[in-house]
Number of protein chains: 2
Amino acid sequence: MALIGKLVICGVGLIGGSFALALREKGEVAHVVGMGRKRATLERAQALGIIDEICTDWAVALDAADYVLLATPVGQTDAIMAAMAPHLQTQTIVSDVGSTKGDVIAAAYRRLDAHLARVVPAHPIAGAENSGAEAASAALFQGRSTVLTPLPENAPEAIEKVRAAWRAAGAAVVSMVPQDHDRVFAAVSHLPHLLAFGLVHDLAGRANAELLFSHAASGFRDFTRIAGSHPEMWRDICLANRQALLGELDQYLGELALIRSLLLSGNGERLEKLFEEARQARIAWGEKHAASARIEIRRPEEA
Amino acid sequence: MALIGKLVICGVGLIGGSFALALREKGEVAHVVGMGRKRATLERAQALGIIDEICTDWAVALDAADYVLLATPVGQTDAIMAAMAPHLQTQTIVSDVGSTKGDVIAAAYRRLDAHLARVVPAHPIAGAENSGAEAASAALFQGRSTVLTPLPENAPEAIEKVRAAWRAAGAAVVSMVPQDHDRVFAAVSHLPHLLAFGLVHDLAGRANAELLFSHAASGFRDFTRIAGSHPEMWRDICLANRQALLGELDQYLGELALIRSLLLSGNGERLEKLFEEARQARIAWGEKHAASARIEIRRPEEA
């Protein structure tokens, strides 16, 4: 018997679509309903065999639903939960794919307070160069990890179901405290995105931007790849994780102040030591983790 | 007849070695002499067929030399030019591969002032993940560009010879004013390296570094790839191009101050606009330039 009978995907883009495809391939879902703001997106998803049914009404979508996956930019979570709340049935598990967890959890406490036993927040660490349902793939989560940040109110069997679904989709599942999650990803993901967006924005605004860009090479290419990410998604992440991100930015500004003082004073010895420490750490990380880190740019469909 | 009779490579690593191999393959060099601090490096280079002869004495190396290529970290340029000066013969062209040009040119004016007609500074925009003579390849410069920053004192035929050599090696040759070169590369190469070194150094120094690194994914991987670059080489570049680099760092700190204020005030509209402008510029750059930008991490051998 399939793990999930009726699955509702809200936001059928790369992530939501890949989740559906992965579970379908394993025979772990019987029926997939797509919800979203854009009819055309849902029709493409249906034509691609990602969803069985298009739905625009939460009352219909949630009737006899086993599992709802919210896969929209996180800024939409509160409104979506508010719209779902009147129609949620007791058995339905609600999970998400947001890159931030504090805001999603706050919305759950505001909007789904009667349903907290079955709201299990999650964050799959995966993505691809391309976005949208067309880029969805049953293999997207293979060898990647998904972070769960369960609530104290969660029923153990609800957590187990979400864990089993992500495992079936191919991911390794780890659990974290939400605050830790948001701090960790502020440091290793959200800050780098800000820094890359900032550098490209800075250079693009110069009078000699064309000259600068014409000499940029592969170092620039890789450093700024994430500046090609989806603006609405990253606006939402930055606002949702503002506090942790400001903390990380300020810590980084302290690092840059140190580097600036070493440059100003021409302290080659300490500059070289700093570079050497960074290089050793980067090489050690690469040997341990990079092999499994595939391309990750996420542009979820708008719901 | 070969373009260069006797070629002297000082620092037979990835860049110097690839230059020799590329010219050999085209039959454009008759005899290659390797100079350097480390005997073992030179012996490897000879065993690999990159150089014909190992030399440790400038008097011998420069006798009847047609072309000297300095391919060491730029911090060594002044001392090398001082050592070369007494033995330089009139016909010998001196060029380099430094990522900074102002410092190389200043050293030339200090040390080779009687020879300025034939000192033609150059900067090939190329590199590879691996360093050293073993990584050298005749194809390294294919489809890449080399920037020349000629001196007013240069003889036209000396510039032409350097241009012809890089073209024979497969590179497109462009010319720039040295100050423009150093400012442009401070912005599109040196600053990104500093920022990547800084981020990894910052995270590596945290009490929870292991946790942070364990959740870093492909966005982090690409953003920090250049933090694996060679510390001595980058120390030299930062010190040599200190003024332009400080200017770029300060401008970037202004950009981060703007982003910080948008975060603090929760200005989602302007954050999204900034991200969108960066994304458009990055995509436009990628379509125009990225296809030809191959991997570029440079770790030249020490001379």
# chains A, B, ... in the order shown; residues from 1 in each chain; ligands from 1
>>> interface_residues(of="chain B", to="chain A", cutoff="7 Å", atoms="only C-alpha atoms", output="count of residues only")
54
>>> select_by_dssp(residues="range 89-296 of chain A", states="strand (DSSP E)", output="PyMOL selection string")
chain A and resi 93-96+119-120+122-124+145-148+172-175
>>> atom_distance(atom1="CA of Val68 in chain B", atom2="CA of Gly36 in chain B")
12.6 Å
>>> atom_distance(atom1="CA of Asn154 in chain B", atom2="CA of Glu25 in chain B")
28.2 Å
>>> select_by_dssp(residues="range 118-296 of chain B", states="helix (DSSP H, G or I)", output="ChimeraX atom specification")
/B:118,133-135,156-168,178-204,209-215,218-223,225-228,231-240,242-264,268-288,290-292
>>> atom_distance(atom1="CA of His123 in chain A", atom2="CA of Ala165 in chain A")
12.9 Å
>>> residues_around(residues="Ala169 in chain B", least_positions_apart="2", cutoff="8 Å", atoms="only C-alpha atoms", output="VMD selection string")
chain B and resid 19 22 to 23 26 138 to 139 141 to 142 165 to 167 171
>>> decode(residues="range 236-273 of chain A", atoms="C-alpha atoms", output="short mmCIF file (atom, residue, chain, number, x, y, z; two decimals), in the first residue's frame")
data_model
loop_
_atom_site.label_atom_id
_atom_site.label_comp_id
_atom_site.auth_asym_id
_atom_site.auth_seq_id
_atom_site.Cartn_x
_atom_site.Cartn_y
_atom_site.Cartn_z
CA ASP A 236 11.19 36.09 1.21
CA ILE A 237 14.10 34.14 2.71
CA CYS A 238 15.95 37.33 3.67
CA LEU A 239 12.90 38.84 5.32
CA ALA A 240 11.90 35.59 7.02
CA ASN A 241 15.38 34.98 8.40
CA ARG A 242 16.25 38.64 8.89
CA GLN A 243 17.49 38.36 12.45
CA ALA A 244 19.91 35.47 11.92
CA LEU A 245 21.01 36.91 8.59
CA LEU A 246 21.78 40.33 10.09
CA GLY A 247 23.82 38.55 12.76
CA GLU A 248 25.79 36.69 10.09
CA LEU A 249 26.22 39.80 7.97
CA ASP A 250 27.56 41.75 10.94
CA GLN A 251 29.97 38.97 11.83
CA TYR A 252 31.16 38.92 8.22
CA LEU A 253 31.55 42.71 8.21
CA GLY A 254 33.86 42.19 11.19
CA GLU A 255 35.90 39.72 9.15
CA LEU A 256 36.10 42.22 6.28
CA ALA A 257 37.20 44.93 8.72
CA LEU A 258 40.05 42.64 9.80
CA ILE A 259 41.04 41.96 6.20
CA ARG A 260 40.82 45.68 5.42
CA SER A 261 43.17 46.51 8.28
CA LEU A 262 45.66 43.86 7.13
CA LEU A 263 45.55 45.31 3.62
CA LEU A 264 45.89 48.89 4.88
CA SER A 265 48.90 48.05 7.01
CA GLY A 266 50.39 45.82 4.30
CA ASN A 267 50.56 42.88 6.71
CA GLY A 268 51.46 40.16 4.20
CA GLU A 269 52.29 37.60 6.84
CA ARG A 270 48.88 37.69 8.48
CA LEU A 271 47.07 37.94 5.15
CA GLU A 272 48.84 34.81 3.93
CA LYS A 273 48.04 33.02 7.20
#
